[in-house]
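Just target_12.pdb here, PDB, C-alpha atoms:
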ATOM      1  CA  MET A   1      -0.095   4.799  -8.791  1.00  0.00           C
ATOM      2  CA  VAL A   2      -0.864   6.066  -5.292  1.00  0.00           C
ATOM      3  CA  LYS A   3      -3.619   8.648  -4.971  1.00  0.00           C
ATOM      4  CA  ILE A   4      -2.989  11.196  -2.271  1.00  0.00           C
ATOM      5  CA  LYS A   5      -5.968  13.308  -1.355  1.00  0.00           C
ATOM      6  CA  VAL A   6      -5.239  15.947   1.243  1.00  0.00           C
ATOM      7  CA  MET A   7      -7.547  16.358   4.203  1.00  0.00           C
ATOM      8  CA  ALA A   8      -8.095  20.093   3.665  1.00  0.00           C
ATOM      9  CA  ASN A   9      -9.679  19.455   0.254  1.00  0.00           C
ATOM     10  CA  TYR A  10     -11.513  16.381   1.505  1.00  0.00           C
ATOM     11  CA  LEU A  11     -13.032  18.263   4.406  1.00  0.00           C
ATOM     12  CA  SER A  12     -14.375  21.063   2.255  1.00  0.00           C
ATOM     13  CA  ALA A  13     -16.001  18.538  -0.094  1.00  0.00           C
ATOM     14  CA  ASN A  14     -17.311  16.040   2.439  1.00  0.00           C
ATOM     15  CA  ARG A  15     -20.797  16.891   3.675  1.00  0.00           C
ATOM     16  CA  ASN A  16     -20.398  14.577   6.669  1.00  0.00           C
ATOM     17  CA  TYR A  17     -17.549  16.774   7.784  1.00  0.00           C
ATOM     18  CA  SER A  18     -19.586  19.986   7.598  1.00  0.00           C
ATOM     19  CA  ALA A  19     -18.694  20.831  11.210  1.00  0.00           C
ATOM     20  CA  TYR A  20     -15.064  21.399  10.165  1.00  0.00           C
ATOM     21  CA  ASN A  21     -15.434  25.087  10.875  1.00  0.00           C
ATOM     22  CA  CYS A  22     -17.245  24.617  14.176  1.00  0.00           C
ATOM     23  CA  GLU A  23     -15.969  26.523  17.193  1.00  0.00           C
ATOM     24  CA  ILE A  24     -14.351  23.399  18.651  1.00  0.00           C
ATOM     25  CA  ALA A  25     -12.248  22.701  15.538  1.00  0.00           C
ATOM     26  CA  VAL A  26     -11.072  26.296  15.194  1.00  0.00           C
ATOM     27  CA  LYS A  27      -9.768  26.371  18.786  1.00  0.00           C
ATOM     28  CA  GLU A  28      -8.148  22.905  18.739  1.00  0.00           C
ATOM     29  CA  LYS A  29      -4.524  21.850  18.365  1.00  0.00           C
ATOM     30  CA  ASN A  30      -3.082  18.385  17.906  1.00  0.00           C
ATOM     31  CA  ASP A  31      -6.424  16.984  16.782  1.00  0.00           C
ATOM     32  CA  CYS A  32      -5.245  14.534  14.121  1.00  0.00           C
ATOM     33  CA  VAL A  33      -6.881  11.572  15.908  1.00  0.00           C
ATOM     34  CA  VAL A  34     -10.206  13.437  16.019  1.00  0.00           C
ATOM     35  CA  ARG A  35      -9.944  14.277  12.319  1.00  0.00           C
ATOM     36  CA  SER A  36      -8.910  10.722  11.464  1.00  0.00           C
ATOM     37  CA  PHE A  37     -11.941   9.214  13.176  1.00  0.00           C
ATOM     38  CA  ALA A  38     -14.254  11.831  11.684  1.00  0.00           C
ATOM     39  CA  SER A  39     -13.012  11.171   8.151  1.00  0.00           C
ATOM     40  CA  ALA A  40     -12.854   7.384   8.625  1.00  0.00           C
ATOM     41  CA  THR A  41     -16.386   7.065  10.011  1.00  0.00           C
ATOM     42  CA  GLY A  42     -18.147   9.936   8.252  1.00  0.00           C
ATOM     43  CA  VAL A  43     -19.297  11.664  11.435  1.00  0.00           C
ATOM     44  CA  SER A  44     -18.996  15.346  12.326  1.00  0.00           C
ATOM     45  CA  TYR A  45     -15.917  16.816  13.954  1.00  0.00           C
ATOM     46  CA  ARG A  46     -17.931  17.472  17.121  1.00  0.00           C
ATOM     47  CA  THR A  47     -19.028  13.799  17.345  1.00  0.00           C
ATOM     48  CA  ALA A  48     -15.492  12.512  16.738  1.00  0.00           C
ATOM     49  CA  HIS A  49     -14.100  14.977  19.296  1.00  0.00           C
ATOM     50  CA  GLN A  50     -16.458  13.692  21.998  1.00  0.00           C
ATOM     51  CA  PHE A  51     -15.734  10.072  21.000  1.00  0.00           C
ATOM     52  CA  CYS A  52     -11.984  10.635  21.447  1.00  0.00           C
ATOM     53  CA  LYS A  53     -12.526  12.320  24.828  1.00  0.00           C
ATOM     54  CA  ASP A  54     -14.695   9.443  26.042  1.00  0.00           C
ATOM     55  CA  ASN A  55     -12.621   6.553  24.675  1.00  0.00           C
ATOM     56  CA  PHE A  56      -9.021   7.780  24.489  1.00  0.00           C
ATOM     57  CA  ASN A  57      -8.798  10.208  27.441  1.00  0.00           C
ATOM     58  CA  ARG A  58      -8.218  13.080  25.022  1.00  0.00           C
ATOM     59  CA  GLU A  59      -7.701  16.476  26.621  1.00  0.00           C
ATOM     60  CA  ASP A  60      -8.687  19.639  24.757  1.00  0.00           C
ATOM     61  CA  LYS A  61      -5.815  21.285  22.856  1.00  0.00           C
ATOM     62  CA  LYS A  62      -3.351  18.612  24.049  1.00  0.00           C
ATOM     63  CA  GLY A  63      -3.875  15.797  21.587  1.00  0.00           C
ATOM     64  CA  THR A  64      -4.238  12.114  22.314  1.00  0.00           C
ATOM     65  CA  LYS A  65      -1.519   9.890  23.760  1.00  0.00           C
ATOM     66  CA  ASN A  66      -0.710   6.801  21.717  1.00  0.00           C
ATOM     67  CA  VAL A  67      -0.997   4.488  24.731  1.00  0.00           C
ATOM     68  CA  PHE A  68      -4.631   5.563  25.240  1.00  0.00           C
ATOM     69  CA  ILE A  69      -5.425   5.164  21.536  1.00  0.00           C
ATOM     70  CA  THR A  70      -3.936   1.658  21.465  1.00  0.00           C
ATOM     71  CA  SER A  71      -5.608   0.477  24.669  1.00  0.00           C
ATOM     72  CA  GLY A  72      -8.958   1.990  23.641  1.00  0.00           C
ATOM     73  CA  LEU A  73      -8.905   0.410  20.191  1.00  0.00           C
ATOM     74  CA  LEU A  74      -7.832  -2.986  21.551  1.00  0.00           C
ATOM     75  CA  ARG A  75     -10.709  -2.827  24.044  1.00  0.00           C
ATOM     76  CA  MET A  76     -13.072  -2.039  21.156  1.00  0.00           C
ATOM     77  CA  GLU A  77     -11.583  -4.862  19.070  1.00  0.00           C
ATOM     78  CA  ASN A  78     -12.411  -7.331  21.836  1.00  0.00           C
ATOM     79  CA  SER A  79     -15.997  -6.085  22.089  1.00  0.00           C
ATOM     80  CA  SER A  80     -18.453  -8.435  20.398  1.00  0.00           C
ATOM     81  CA  ASN A  81     -20.563  -5.597  19.010  1.00  0.00           C
ATOM     82  CA  GLY A  82     -17.812  -3.137  18.005  1.00  0.00           C
ATOM     83  CA  PHE A  83     -18.027   0.527  18.930  1.00  0.00           C
ATOM     84  CA  LEU A  84     -20.586   3.263  18.458  1.00  0.00           C
ATOM     85  CA  ILE A  85     -19.608   6.707  17.190  1.00  0.00           C
ATOM     86  CA  GLY A  86     -22.569   9.014  16.738  1.00  0.00           C
ATOM     87  CA  ASP A  87     -25.302   6.746  15.410  1.00  0.00           C
ATOM     88  CA  LYS A  88     -22.900   4.468  13.489  1.00  0.00           C
ATOM     89  CA  ARG A  89     -21.471   1.170  14.655  1.00  0.00           C
ATOM     90  CA  PHE A  90     -18.057  -0.122  13.552  1.00  0.00           C
ATOM     91  CA  SER A  91     -15.808  -3.076  14.181  1.00  0.00           C
ATOM     92  CA  VAL A  92     -12.093  -2.468  14.572  1.00  0.00           C
ATOM     93  CA  ARG A  93      -9.201  -4.815  13.895  1.00  0.00           C
ATOM     94  CA  LYS A  94      -5.551  -4.186  14.731  1.00  0.00           C
ATOM     95  CA  MET A  95      -3.577  -5.076  11.651  1.00  0.00           C
ATOM     96  CA  SER A  96      -0.968  -7.801  12.015  1.00  0.00           C
ATOM     97  CA  LYS A  97       2.790  -7.491  11.697  1.00  0.00           C
ATOM     98  CA  SER A  98       2.714  -8.946   8.180  1.00  0.00           C
ATOM     99  CA  GLU A  99       0.146  -6.311   7.122  1.00  0.00           C
ATOM    100  CA  THR A 100       2.085  -3.314   8.437  1.00  0.00           C
ATOM    101  CA  LYS A 101       5.654  -4.426   7.753  1.00  0.00           C
ATOM    102  CA  ASN A 102       7.632  -5.608   4.741  1.00  0.00           C
ATOM    103  CA  VAL A 103       9.982  -8.550   5.035  1.00  0.00           C
ATOM    104  CA  TYR A 104      13.284  -8.701   3.173  1.00  0.00           C
ATOM    105  CA  LYS A 105      15.880 -11.415   2.941  1.00  0.00           C
ATOM    106  CA  VAL A 106      19.396 -10.063   3.410  1.00  0.00           C
ATOM    107  CA  LYS A 107      22.309 -12.527   3.370  1.00  0.00           C
ATOM    108  CA  GLY A 108      19.930 -15.341   4.259  1.00  0.00           C
ATOM    109  CA  GLU A 109      18.401 -13.455   7.204  1.00  0.00           C
ATOM    110  CA  LEU A 110      14.805 -12.164   7.263  1.00  0.00           C
ATOM    111  CA  ILE A 111      14.564  -8.465   8.078  1.00  0.00           C
ATOM    112  CA  TRP A 112      11.228  -6.848   9.029  1.00  0.00           C
ATOM    113  CA  ARG A 113      10.853  -3.145   8.175  1.00  0.00           C
ATOM    114  CA  GLN A 114       7.926  -0.825   8.717  1.00  0.00           C
ATOM    115  CA  LYS A 115       5.908  -0.155   5.581  1.00  0.00           C
ATOM    116  CA  THR A 116       5.872   3.364   4.244  1.00  0.00           C
ATOM    117  CA  LEU A 117       2.515   5.059   3.705  1.00  0.00           C
ATOM    118  CA  LYS A 118       2.985   4.524  -0.016  1.00  0.00           C
ATOM    119  CA  SER A 119       3.556   0.770   0.307  1.00  0.00           C
ATOM    120  CA  PHE A 120       0.701   0.481   2.821  1.00  0.00           C
ATOM    121  CA  VAL A 121      -1.731   2.140   0.383  1.00  0.00           C
ATOM    122  CA  GLN A 122      -0.514  -0.112  -2.429  1.00  0.00           C
ATOM    123  CA  ALA A 123      -0.992  -3.213  -0.255  1.00  0.00           C
ATOM    124  CA  HIS A 124      -4.448  -2.103   0.976  1.00  0.00           C
ATOM    125  CA  PRO A 125      -6.294  -0.415  -1.899  1.00  0.00           C
ATOM    126  CA  ASN A 126      -9.727  -1.114  -0.386  1.00  0.00           C
ATOM    127  CA  GLY A 127     -11.109  -0.497   3.086  1.00  0.00           C
ATOM    128  CA  THR A 128     -10.918   2.146   5.778  1.00  0.00           C
ATOM    129  CA  PHE A 129      -7.859   2.397   8.027  1.00  0.00           C
ATOM    130  CA  VAL A 130      -6.788   4.664  10.872  1.00  0.00           C
ATOM    131  CA  VAL A 131      -2.997   4.726  10.578  1.00  0.00           C
ATOM    132  CA  MET A 132      -0.466   5.861  13.162  1.00  0.00           C
ATOM    133  CA  VAL A 133       2.849   7.325  12.068  1.00  0.00           C
ATOM    134  CA  ALA A 134       5.373   9.135  14.282  1.00  0.00           C
ATOM    135  CA  LYS A 135       3.338  11.474  16.536  1.00  0.00           C
ATOM    136  CA  HIS A 136       0.497  11.647  14.007  1.00  0.00           C
ATOM    137  CA  ALA A 137      -2.657   9.831  12.896  1.00  0.00           C
ATOM    138  CA  LEU A 138      -4.340   9.835   9.497  1.00  0.00           C
ATOM    139  CA  THR A 139      -6.971   7.995   7.491  1.00  0.00           C
ATOM    140  CA  ILE A 140      -6.587   5.835   4.431  1.00  0.00           C
ATOM    141  CA  LYS A 141      -9.936   5.211   2.792  1.00  0.00           C
ATOM    142  CA  ASP A 142     -10.233   3.088  -0.351  1.00  0.00           C
ATOM    143  CA  GLY A 143      -6.653   3.826  -1.362  1.00  0.00           C
ATOM    144  CA  GLU A 144      -6.782   7.555  -0.665  1.00  0.00           C
ATOM    145  CA  LEU A 145      -4.630   9.157   1.983  1.00  0.00           C
ATOM    146  CA  LEU A 146      -6.667  11.720   3.954  1.00  0.00           C
ATOM    147  CA  ASP A 147      -4.261  14.029   5.713  1.00  0.00           C
ATOM    148  CA  TRP A 148      -3.221  17.658   6.093  1.00  0.00           C
ATOM    149  CA  ASP A 149      -2.047  19.544   3.024  1.00  0.00           C
ATOM    150  CA  SER A 150       1.410  20.074   4.553  1.00  0.00           C
ATOM    151  CA  ASN A 151       1.903  16.281   4.810  1.00  0.00           C
ATOM    152  CA  LYS A 152       0.871  15.368   1.278  1.00  0.00           C
ATOM    153  CA  PHE A 153       4.390  14.935  -0.053  1.00  0.00           C
ATOM    154  CA  GLN A 154       5.579  12.635   2.726  1.00  0.00           C
ATOM    155  CA  PRO A 155       4.725   9.157   1.386  1.00  0.00           C
ATOM    156  CA  THR A 156       7.852   7.695   3.005  1.00  0.00           C
ATOM    157  CA  ARG A 157       6.624   8.141   6.578  1.00  0.00           C
ATOM    158  CA  LYS A 158       6.717   4.809   8.396  1.00  0.00           C
ATOM    159  CA  VAL A 159       3.523   3.075   9.529  1.00  0.00           C
ATOM    160  CA  GLN A 160       3.767   2.316  13.242  1.00  0.00           C
ATOM    161  CA  ASP A 161       0.273   0.885  13.758  1.00  0.00           C
ATOM    162  CA  ALA A 162      -2.850   0.510  11.677  1.00  0.00           C
ATOM    163  CA  TYR A 163      -6.448  -0.337  12.497  1.00  0.00           C
ATOM    164  CA  GLU A 164      -9.074  -1.427   9.999  1.00  0.00           C
ATOM    165  CA  LEU A 165     -12.600  -0.093  10.555  1.00  0.00           C
ATOM    166  CA  LYS A 166     -15.660  -1.795   9.095  1.00  0.00           C
ATOM    167  CA  SER A 167     -19.181  -0.467   9.314  1.00  0.00           C
ATOM    168  CA  LEU A 168     -21.647  -2.660  11.198  1.00  0.00           C
ATOM    169  CA  SER A 169     -24.519  -0.243  10.660  1.00  0.00           C
ATOM    170  CA  LYS A 170     -27.230  -1.373   8.332  1.00  0.00           C
ATOM    171  CA  ASN A 171     -27.255   0.652   5.134  1.00  0.00           C
ATOM    172  CA  LYS A 172     -30.707   2.234   4.896  1.00  0.00           C
ATOM    173  CA  VAL A 173     -30.071   3.769   1.473  1.00  0.00           C
ATOM    174  CA  GLY A 174     -30.957   1.504  -1.433  1.00  0.00           C
ATOM    175  CA  THR A 175     -32.646  -1.156   0.682  1.00  0.00           C
ATOM    176  CA  GLN A 176     -35.628  -2.701  -0.967  1.00  0.00           C
ATOM    177  CA  LEU A 177     -38.671  -4.021   0.833  1.00  0.00           C
ATOM    178  CA  SER A 178     -39.336  -7.679   0.111  1.00  0.00           C
ATOM    179  CA  LEU A 179     -42.937  -8.770   0.355  1.00  0.00           C
ATOM    180  CA  PHE A 180     -42.488 -12.479  -0.288  1.00  0.00           C
TER     181      PHE A 180
END

Reformat the file's structure so that it appears as structure tokens.
Amino acid sequence: MVKIKVMANYLSANRNYSAYNCEIAVKEKNDCVVRSFASATGVSYRTAHQFCKDNFNREDKKGTKNVFITSGLLRMENSSNGFLIGDKRFSVRKMSKSETKNVYKVKGELIWRQKTLKSFVQAHPNGTFVVMVAKHALTIKDGELLDWDSNKFQPTRKVQDAYELKSLSKNKVGTQLSLF
């Protein structure tokens, strides 16, 4: 069973996303990439907005062009120490063809087809992913689709690109001091 959790509910419940109602967010349009990075990394909207401006040439109220997202993320993937967003460091990995497409055998010929969001979530139940679909970006985090309420019943949208994010920041919570 695929769990679909809509971004509107997620944002109101997520303390890391407390800046959802900040003046920048209220005035923005086409900010799905900003929201995707905020929800994927657990930083504020304001931090994610500045990150997208700095790394993906994002213009206010105009969205982010896919070519800038792709080139920025590939540059970050090739960086030995990942990328920094706010005070958190992450590695990024572009997912391979076999991870974002299904292969079928039809009359002896192999056919590659883009995975749907539903099949992507089923294939990747763990981890954090920024996923690109037609003219839109969203987050899949531990099997939950984080997206706008109006998109919640569109599990058949095709995955065009996907990037896996992994935290490189040391977890300070629950760390125990060792004396010996």

Do you know which residues lie at most 12 Å from (-5.8, 6.2, 2.2), with coordinates as in the file and only C-alpha atoms counted, and could you write them as a PDB file with C-alpha atoms, in the frame of the given file?
ATOM      1  CA  VAL A   2      -0.864   6.066  -5.292  1.00  0.00           C
ATOM      2  CA  LYS A   3      -3.619   8.648  -4.971  1.00  0.00           C
ATOM      3  CA  ILE A   4      -2.989  11.196  -2.271  1.00  0.00           C
ATOM      4  CA  LYS A   5      -5.968  13.308  -1.355  1.00  0.00           C
ATOM      5  CA  VAL A   6      -5.239  15.947   1.243  1.00  0.00           C
ATOM      6  CA  MET A   7      -7.547  16.358   4.203  1.00  0.00           C
ATOM      7  CA  TYR A  10     -11.513  16.381   1.505  1.00  0.00           C
ATOM      8  CA  SER A  36      -8.910  10.722  11.464  1.00  0.00           C
ATOM      9  CA  SER A  39     -13.012  11.171   8.151  1.00  0.00           C
ATOM     10  CA  ALA A  40     -12.854   7.384   8.625  1.00  0.00           C
ATOM     11  CA  LEU A 117       2.515   5.059   3.705  1.00  0.00           C
ATOM     12  CA  LYS A 118       2.985   4.524  -0.016  1.00  0.00           C
ATOM     13  CA  SER A 119       3.556   0.770   0.307  1.00  0.00           C
ATOM     14  CA  PHE A 120       0.701   0.481   2.821  1.00  0.00           C
ATOM     15  CA  VAL A 121      -1.731   2.140   0.383  1.00  0.00           C
ATOM     16  CA  GLN A 122      -0.514  -0.112  -2.429  1.00  0.00           C
ATOM     17  CA  ALA A 123      -0.992  -3.213  -0.255  1.00  0.00           C
ATOM     18  CA  HIS A 124      -4.448  -2.103   0.976  1.00  0.00           C
ATOM     19  CA  PRO A 125      -6.294  -0.415  -1.899  1.00  0.00           C
ATOM     20  CA  ASN A 126      -9.727  -1.114  -0.386  1.00  0.00           C
ATOM     21  CA  GLY A 127     -11.109  -0.497   3.086  1.00  0.00           C
ATOM     22  CA  THR A 128     -10.918   2.146   5.778  1.00  0.00           C
ATOM     23  CA  PHE A 129      -7.859   2.397   8.027  1.00  0.00           C
ATOM     24  CA  VAL A 130      -6.788   4.664  10.872  1.00  0.00           C
ATOM     25  CA  VAL A 131      -2.997   4.726  10.578  1.00  0.00           C
ATOM     26  CA  ALA A 137      -2.657   9.831  12.896  1.00  0.00           C
ATOM     27  CA  LEU A 138      -4.340   9.835   9.497  1.00  0.00           C
ATOM     28  CA  THR A 139      -6.971   7.995   7.491  1.00  0.00           C
ATOM     29  CA  ILE A 140      -6.587   5.835   4.431  1.00  0.00           C
ATOM     30  CA  LYS A 141      -9.936   5.211   2.792  1.00  0.00           C
ATOM     31  CA  ASP A 142     -10.233   3.088  -0.351  1.00  0.00           C
ATOM     32  CA  GLY A 143      -6.653   3.826  -1.362  1.00  0.00           C
ATOM     33  CA  GLU A 144      -6.782   7.555  -0.665  1.00  0.00           C
ATOM     34  CA  LEU A 145      -4.630   9.157   1.983  1.00  0.00           C
ATOM     35  CA  LEU A 146      -6.667  11.720   3.954  1.00  0.00           C
ATOM     36  CA  ASP A 147      -4.261  14.029   5.713  1.00  0.00           C
ATOM     37  CA  LYS A 152       0.871  15.368   1.278  1.00  0.00           C
ATOM     38  CA  PRO A 155       4.725   9.157   1.386  1.00  0.00           C
ATOM     39  CA  ALA A 162      -2.850   0.510  11.677  1.00  0.00           C
ATOM     40  CA  GLU A 164      -9.074  -1.427   9.999  1.00  0.00           C
TER      41      GLU A 164
END

Atom pair atom CA of A:Gln50 + atom CA of A:Leu168, distance 20.3 Å

Atom CA of A:Asn78 and atom CA of A:Ser167, how far apart in Å?
15.8 Å

Could you work out an axis-aligned box for stretch 108-122 of chain A, taking every atom the file lists and adding 6 Å on each side, and report centre and edge lengths in Å to one decimal, as AutoDock Vina command-line options?
--center_x 9.1 --center_y -5.1 --center_z 3.3 --size_x 33.7 --size_y 32.4 --size_z 23.5

Which residue out of A:Thr41, A:Gly72, A:Gly86, A:Glu109 has the minimum interatomic distance to A:Asn55 when only C-alpha atoms are used?
A:Gly72

Taking (-4.4, 24.9, 22.3) in the file's own coordinates, collect the residues within 10 Å, counting only C-alpha atoms, and hand them back as a PyMOL selection string.
chain A and resi 26-31+60-63

Please produce a file of those selected residues containing C-alpha atoms, as a CSV table (one decimal), in the frame of the given file.
chain,number,residue,atom,x,y,z
A,26,VAL,CA,-11.1,26.3,15.2
A,27,LYS,CA,-9.8,26.4,18.8
A,28,GLU,CA,-8.1,22.9,18.7
A,29,LYS,CA,-4.5,21.8,18.4
A,30,ASN,CA,-3.1,18.4,17.9
A,31,ASP,CA,-6.4,17.0,16.8
A,60,ASP,CA,-8.7,19.6,24.8
A,61,LYS,CA,-5.8,21.3,22.9
A,62,LYS,CA,-3.4,18.6,24.0
A,63,GLY,CA,-3.9,15.8,21.6

Can you work out the spacing between atom CA of A:Arg89 and atom CA of A:His136 in Å, to one decimal?
24.3 Å

Check the smallest atom-to-atom distance from each of A:Ile85, A:Lys170, A:Gln114, A:Thr70 to A:Asn102 using only C-alpha atoms, then report the winner.
A:Gln114

Which residues are close to A:Val103, i.e. within 9 Å by only C-alpha atoms, leaving aside same-chain residues fewer than 5 positions away? Reply as a VMD selection string.
chain A and resid 98 110 to 114

Can you pull out the residues contacting A:Ala48? Cut-off 7 Å, using all atoms listed in the file, and skip same-chain residues under 4 positions away; I want them as a PDB file with C-alpha atoms, in the frame of the given file.
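Produced file part.pdb, reproduced below:
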ATOM      1  CA  VAL A  34     -10.206  13.437  16.019  1.00  0.00           C
ATOM      2  CA  PHE A  37     -11.941   9.214  13.176  1.00  0.00           C
ATOM      3  CA  ALA A  38     -14.254  11.831  11.684  1.00  0.00           C
ATOM      4  CA  VAL A  43     -19.297  11.664  11.435  1.00  0.00           C
ATOM      5  CA  SER A  44     -18.996  15.346  12.326  1.00  0.00           C
ATOM      6  CA  CYS A  52     -11.984  10.635  21.447  1.00  0.00           C
TER       7      CYS A  52
END

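Take the candidates A:Val159, A:Lys101, A:Asp54, A:Thr64 and check each one against A:Phe83 using all atoms listed in the file; the shortest distance goes to A:Asp54.
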
Given the file above and the PyMOL selection byres ((chain A and resi 93) around 9), which residues are selected, and can you give them as a PyMOL selection string?
chain A and resi 73-74+76-78+91-92+94-96+162-166

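If only C-alpha atoms are the atoms counted, then among A:Gly42, A:Val106, A:Lys158, A:Cys22 the closest residue to A:Phe90 is A:Gly42.
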